[in-house]
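File shown: target_13.cif. Contents: mmCIF, C-alpha atoms and all ligand atoms.
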data_my_file
#
loop_
_atom_site.label_atom_id
_atom_site.label_comp_id
_atom_site.auth_asym_id
_atom_site.auth_seq_id
_atom_site.Cartn_x
_atom_site.Cartn_y
_atom_site.Cartn_z
CA MET A 47 -3.48 12.00 -30.88
CA ARG A 48 -4.68 9.05 -28.92
CA LYS A 49 -3.73 8.48 -25.30
CA GLY A 50 -1.55 5.48 -26.19
CA GLU A 51 0.41 7.47 -28.80
CA LYS A 52 1.07 10.28 -26.33
CA LEU A 53 2.39 7.79 -23.85
CA ILE A 54 4.73 6.23 -26.39
CA ILE A 55 6.05 9.62 -27.54
CA GLY A 56 6.50 10.64 -23.93
CA LEU A 57 8.50 7.51 -23.18
CA MET A 58 10.69 8.03 -26.26
CA VAL A 59 11.48 11.61 -25.24
CA LEU A 60 12.33 10.45 -21.74
CA SER A 61 14.71 7.75 -22.94
CA VAL A 62 16.50 10.15 -25.32
CA VAL A 63 16.96 12.67 -22.48
CA GLY A 64 18.18 9.83 -20.25
CA LEU A 65 20.75 8.68 -22.81
CA VAL A 66 22.07 12.20 -23.30
CA VAL A 67 22.54 12.64 -19.53
CA VAL A 68 24.38 9.31 -19.23
CA LYS A 69 26.67 10.17 -22.19
CA LEU A 70 27.46 13.60 -20.76
CA LYS A 71 28.38 12.10 -17.41
CA GLN A 72 30.64 9.52 -19.10
CA SER A 73 32.52 12.09 -21.13
CA ALA A 74 33.01 14.24 -18.03
CA LYS A 75 34.67 11.24 -16.36
CA GLU A 76 36.88 10.54 -19.38
CA THR A 77 38.21 14.07 -19.48
CA THR A 78 39.43 14.09 -15.85
CA GLU A 79 43.17 13.82 -16.30
CA ASP A 80 44.78 10.38 -16.07
CA PRO A 81 47.88 10.76 -13.88
CA GLY A 82 49.67 8.03 -15.91
CA ILE A 83 52.42 5.63 -14.89
CA PRO A 84 54.37 6.90 -11.88
CA PHE A 85 57.68 5.21 -12.77
CA PHE A 86 60.36 6.41 -15.18
CA SER A 87 64.04 5.95 -16.00
CA THR A 88 66.63 8.61 -16.76
CA ALA A 89 69.28 6.13 -18.00
CA SER A 90 70.99 6.42 -21.39
CA GLU A 91 70.19 3.88 -24.08
CA ASP A 92 73.58 2.25 -23.67
CA VAL A 93 73.27 1.78 -19.88
CA THR A 94 69.70 0.47 -20.34
CA LYS A 95 70.91 -2.07 -22.89
CA GLN A 96 73.93 -3.26 -20.91
CA ALA A 97 72.05 -3.49 -17.59
CA GLY A 98 69.15 -5.20 -19.38
CA LYS A 99 71.46 -8.05 -20.38
CA THR A 100 72.52 -8.60 -16.75
CA ILE A 101 68.94 -8.33 -15.48
CA ARG A 102 67.87 -11.04 -17.94
CA ALA A 103 70.93 -13.26 -17.46
CA PHE A 104 70.55 -13.28 -13.66
CA ASN A 105 66.77 -13.41 -13.57
CA CYS A 106 66.34 -10.45 -11.21
CA ARG A 107 62.67 -10.50 -12.17
CA ASP A 108 62.18 -13.96 -10.68
CA CYS A 109 62.20 -12.12 -7.36
CA HIS A 110 61.66 -8.42 -8.18
CA SER A 111 59.03 -6.76 -10.29
CA LEU A 112 60.28 -4.28 -12.89
CA TRP A 113 58.10 -1.99 -15.00
CA ALA A 114 55.21 -3.14 -12.84
CA THR A 115 55.29 -6.68 -14.25
CA LYS A 116 56.39 -9.90 -12.67
CA THR A 117 57.57 -13.12 -14.22
CA PHE A 118 55.08 -15.84 -13.45
CA THR A 119 57.53 -17.85 -11.34
CA GLN A 120 57.88 -14.94 -8.94
CA ALA A 121 56.97 -15.84 -5.38
CA VAL A 122 59.64 -14.01 -3.36
CA PRO A 123 58.50 -10.93 -1.42
CA ALA A 124 61.37 -8.74 -2.64
CA PRO A 125 60.78 -4.98 -3.12
CA ALA A 126 59.96 -3.76 -6.63
CA LEU A 127 62.86 -2.32 -8.63
CA ASP A 128 60.53 0.35 -10.05
CA GLY A 129 61.32 3.63 -8.30
CA MET A 130 64.41 2.17 -6.56
CA GLY A 131 66.59 5.14 -7.58
CA SER A 132 64.35 7.41 -5.51
CA PHE A 133 65.36 5.44 -2.40
CA ARG A 134 68.93 4.31 -3.10
CA SER A 135 71.87 6.18 -4.60
CA GLU A 136 73.90 4.77 -7.47
CA GLU A 137 76.87 4.49 -5.12
CA TRP A 138 74.89 2.54 -2.52
CA LEU A 139 73.67 0.19 -5.26
CA TYR A 140 77.19 -0.33 -6.62
CA ASN A 141 78.44 -1.29 -3.14
CA TYR A 142 75.43 -3.54 -2.57
CA PHE A 143 75.88 -5.41 -5.86
CA SER A 144 79.63 -5.71 -5.16
CA ALA A 145 79.25 -7.10 -1.63
CA GLU A 146 80.22 -10.73 -0.99
CA ASN A 147 77.43 -10.76 1.58
CA PRO A 148 74.68 -8.23 0.70
CA GLN A 149 72.87 -9.01 3.97
CA GLU A 150 75.69 -7.25 5.86
CA ILE A 151 74.52 -4.07 4.12
CA LEU A 152 70.79 -4.77 4.16
CA PRO A 153 69.62 -7.51 6.56
CA SER A 154 67.10 -10.03 5.31
CA ARG A 155 63.99 -11.39 7.00
CA LEU A 156 63.73 -14.29 4.52
CA LYS A 157 64.97 -17.87 4.26
CA PRO A 158 68.46 -18.05 2.67
CA GLN A 159 67.19 -19.25 -0.74
CA TYR A 160 65.00 -16.15 -1.17
CA ARG A 161 67.56 -13.56 -0.11
CA MET A 162 69.30 -11.12 -2.41
CA PRO A 163 72.25 -13.03 -3.98
CA SER A 164 75.76 -11.59 -4.24
CA TYR A 165 76.75 -10.20 -7.64
CA ALA A 166 80.37 -9.62 -6.63
CA SER A 167 81.49 -12.00 -9.41
CA LEU A 168 80.19 -9.72 -12.19
CA THR A 169 82.80 -7.54 -13.92
CA GLU A 170 83.21 -4.04 -12.54
CA GLN A 171 81.66 -2.57 -15.70
CA GLU A 172 78.61 -4.82 -15.36
CA ARG A 173 78.12 -3.77 -11.73
CA ARG A 174 78.55 -0.10 -12.67
CA ASP A 175 75.99 -0.33 -15.47
CA LEU A 176 73.58 -2.20 -13.22
CA ALA A 177 73.95 0.40 -10.44
CA ALA A 178 73.55 3.25 -12.95
CA TYR A 179 70.41 1.71 -14.39
CA ILE A 180 68.71 0.71 -11.12
CA GLY A 181 69.68 4.12 -9.71
CA SER A 182 67.96 5.77 -12.67
CA LEU A 183 64.60 4.12 -11.91
CA LYS A 184 62.62 6.92 -10.28
CA VAL A 185 59.12 7.37 -8.97
CA GLU A 186 57.05 10.53 -9.48
CA ASP A 187 56.50 12.61 -6.32
CA TRP A 188 52.75 11.98 -6.27
CA TYR A 189 53.32 8.22 -5.97
CA ARG A 190 56.43 8.28 -3.77
CA GLU A 191 54.63 7.63 -0.50
CA GLN A 192 52.78 4.60 -1.90
CA ALA A 193 56.01 3.21 -3.36
CA ALA A 194 57.80 3.78 -0.02
CA LYS A 195 55.01 1.96 1.80
CA ALA A 196 55.08 -1.06 -0.54
CA ARG A 197 58.87 -1.25 -0.31
CA TYR A 198 58.86 -0.98 3.50
CA GLU A 199 56.30 -3.75 3.85
CA LYS A 200 58.22 -6.06 1.51
CA LEU A 201 61.51 -5.48 3.29
CA THR A 202 60.25 -5.74 6.86
CA GLY A 203 57.02 -7.76 6.64
CA LYS A 204 55.58 -5.13 8.99
CA GLU A 205 53.06 -2.37 8.64
CA TYR A 206 54.42 0.87 7.19
CA ASP A 207 56.14 3.19 9.62
CA LYS A 208 56.67 6.59 8.01
CA ASP A 209 59.51 7.55 10.32
CA ALA A 210 61.51 4.35 10.08
CA ARG A 211 64.36 4.60 7.58
CA ILE A 212 65.66 1.68 5.54
C1 LIG B 301 66.45 -14.99 -5.16
C2 LIG B 301 65.68 -13.74 -5.28
C3 LIG B 301 66.42 -12.50 -5.76
C4 LIG B 301 67.10 -12.31 -6.95
C5 LIG B 301 67.34 -13.32 -8.06
C6 LIG B 301 67.51 -10.94 -6.95
N1 LIG B 301 67.11 -10.31 -5.80
FE1 LIG B 301 67.41 -8.36 -5.29
N2 LIG B 301 66.61 -8.70 -3.45
C7 LIG B 301 65.98 -9.85 -3.07
C8 LIG B 301 65.46 -9.70 -1.72
C9 LIG B 301 64.64 -10.73 -0.95
C10 LIG B 301 65.83 -8.39 -1.30
C11 LIG B 301 65.59 -7.76 0.09
C12 LIG B 301 66.81 -8.00 0.97
C13 LIG B 301 66.99 -9.46 1.32
O1 LIG B 301 66.03 -10.06 1.83
O2 LIG B 301 68.10 -10.00 1.10
C14 LIG B 301 66.55 -7.79 -2.42
C15 LIG B 301 67.06 -6.51 -2.43
C16 LIG B 301 67.48 -5.84 -3.55
C17 LIG B 301 67.76 -4.42 -3.62
C18 LIG B 301 67.68 -3.42 -2.47
C19 LIG B 301 66.21 -3.12 -2.22
C20 LIG B 301 65.91 -1.93 -1.35
O3 LIG B 301 64.70 -1.64 -1.24
O4 LIG B 301 66.79 -1.28 -0.82
C21 LIG B 301 68.12 -4.15 -4.91
C22 LIG B 301 68.49 -2.81 -5.49
C23 LIG B 301 68.07 -5.40 -5.64
N3 LIG B 301 67.68 -6.41 -4.79
C24 LIG B 301 68.37 -5.55 -7.00
C25 LIG B 301 68.48 -6.78 -7.64
C26 LIG B 301 69.02 -6.96 -8.98
C27 LIG B 301 69.48 -5.84 -9.89
C28 LIG B 301 69.00 -8.30 -9.24
C29 LIG B 301 69.52 -9.03 -10.45
C30 LIG B 301 70.89 -8.75 -10.86
C31 LIG B 301 68.43 -8.96 -8.08
N4 LIG B 301 68.13 -8.01 -7.14
C32 LIG B 301 68.20 -10.32 -7.98
C33 LIG B 301 65.82 -11.01 -3.82
C34 LIG B 301 66.43 -11.24 -5.05
#
Would it be possible to restate this file's structure as structure tokens?
Amino acid sequence: MRKGEKLIIGLMVLSVVGLVVVKLKQSAKETTEDPGIPFFSTASEDVTKQAGKTIRAFNCRDCHSLWATKTFTQAVPAPALDGMGSFRSEEWLYNYFSAENPQEILPSRLKPQYRMPSYASLTEQERRDLAAYIGSLKVEDWYREQAAKARYEKLTGKEYDKDARI
């Protein structure tokens, strides 16, 4: 073999070895477990359907994100509804949606037009379904702290304080 041929064969071997190493590293990365989406709902199909109608009719998603998506008009710093049932009970939610003035229950830091509106004019069944559905939106334990932090910052406009309760 000539010198040039040896060099070429050597280079080819090197690049094959290099490719194999890169591929092995990639597949090792791919097999580390993906923790998945941290939000889930435990609501029945019926409650999901009924509450879904109200959520669409009253454009909750103009201000709140739900299932980690926002409508493009959204500009209000309201907390996400994802995971809400891990922070609020169904009963609390029912009372909140039924209040003539929700800010008496949960004060607002925002201008009046961005605040949580009253849904006292909905029928009792609609408010019950809405409370059952929002109360069923849970966050997995491994993401709870991050969700609590995001919610705290949206509600207060301040940096997260672990010990403060809202
Ligand atoms: C105009 C914007 C707006 C709309 C529309 C709106 N919200 Fe809100 N919501 C807020 C804001 C802002 C807050 C935080 C409290 C405040 O500032 O009044 C809030 C608070 C809440 C909370 C309590 C949050 C917490 O962390 O304790 C829940 C639950 C909620 N909204 C659900 C809903 C549902 C369900 C709908 C639709 C039926 C809805 N919101 C529609 C702006 C809105």
Within 7 Å of ligand LIG 301 (chain B), counting only C-alpha atoms and all ligand atoms, which protein or nucleic acid residues do you find, written as a PDB file with C-alpha atoms, in the coordinates of the input?
ATOM      1  CA  THR A 100      72.520  -8.600 -16.750  1.00  0.00           C
ATOM      2  CA  ILE A 101      68.940  -8.330 -15.480  1.00  0.00           C
ATOM      3  CA  PHE A 104      70.550 -13.280 -13.660  1.00  0.00           C
ATOM      4  CA  ASN A 105      66.770 -13.410 -13.570  1.00  0.00           C
ATOM      5  CA  CYS A 106      66.340 -10.450 -11.210  1.00  0.00           C
ATOM      6  CA  ARG A 107      62.670 -10.500 -12.170  1.00  0.00           C
ATOM      7  CA  ASP A 108      62.180 -13.960 -10.680  1.00  0.00           C
ATOM      8  CA  CYS A 109      62.200 -12.120  -7.360  1.00  0.00           C
ATOM      9  CA  HIS A 110      61.660  -8.420  -8.180  1.00  0.00           C
ATOM     10  CA  VAL A 122      59.640 -14.010  -3.360  1.00  0.00           C
ATOM     11  CA  PRO A 123      58.500 -10.930  -1.420  1.00  0.00           C
ATOM     12  CA  ALA A 124      61.370  -8.740  -2.640  1.00  0.00           C
ATOM     13  CA  PRO A 125      60.780  -4.980  -3.120  1.00  0.00           C
ATOM     14  CA  LEU A 127      62.860  -2.320  -8.630  1.00  0.00           C
ATOM     15  CA  MET A 130      64.410   2.170  -6.560  1.00  0.00           C
ATOM     16  CA  ARG A 134      68.930   4.310  -3.100  1.00  0.00           C
ATOM     17  CA  LEU A 139      73.670   0.190  -5.260  1.00  0.00           C
ATOM     18  CA  PRO A 148      74.680  -8.230   0.700  1.00  0.00           C
ATOM     19  CA  GLN A 149      72.870  -9.010   3.970  1.00  0.00           C
ATOM     20  CA  LEU A 152      70.790  -4.770   4.160  1.00  0.00           C
ATOM     21  CA  PRO A 153      69.620  -7.510   6.560  1.00  0.00           C
ATOM     22  CA  SER A 154      67.100 -10.030   5.310  1.00  0.00           C
ATOM     23  CA  ARG A 155      63.990 -11.390   7.000  1.00  0.00           C
ATOM     24  CA  LEU A 156      63.730 -14.290   4.520  1.00  0.00           C
ATOM     25  CA  GLN A 159      67.190 -19.250  -0.740  1.00  0.00           C
ATOM     26  CA  TYR A 160      65.000 -16.150  -1.170  1.00  0.00           C
ATOM     27  CA  ARG A 161      67.560 -13.560  -0.110  1.00  0.00           C
ATOM     28  CA  MET A 162      69.300 -11.120  -2.410  1.00  0.00           C
ATOM     29  CA  PRO A 163      72.250 -13.030  -3.980  1.00  0.00           C
ATOM     30  CA  TYR A 165      76.750 -10.200  -7.640  1.00  0.00           C
ATOM     31  CA  LEU A 176      73.580  -2.200 -13.220  1.00  0.00           C
ATOM     32  CA  ILE A 180      68.710   0.710 -11.120  1.00  0.00           C
ATOM     33  CA  ARG A 197      58.870  -1.250  -0.310  1.00  0.00           C
ATOM     34  CA  LEU A 201      61.510  -5.480   3.290  1.00  0.00           C
TER      35      LEU A 201
END
Which of these residues is nearest to Pro84 in chain A, using all atoms listed in the file: A:Leu53, A:Leu60, A:Val185, A:Leu168?
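Residue with the minimum atom-to-atom distance to Pro84 in chain A: A:Val185.
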Return the single residue from A:Gly56, A:Gly98, A:Gly131, A:Gly50 that is closest to Phe85 in chain A, with distances computed using all atoms listed in the file.
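Checking each candidate against Phe85 in chain A, we get A:Gly131 as the closest.
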Around all of range 191-199 of chain A's listed atoms, make the axis-aligned box with 8 Å on each side and tell me centre and edge lengths in Å to one decimal, as AutoDock Vina command-line options.
--center_x 55.8 --center_y 1.9 --center_z 0.2 --size_x 22.1 --size_y 27.4 --size_z 23.2
Give me, as a PyMOL selection string, all polymer residues having an atom no more than 8 Å from Ala178 in chain A, counting only C-alpha atoms and skipping those fewer than 3 positions away in the same chain.
chain A and resi 89+93+136+174-175+181-182
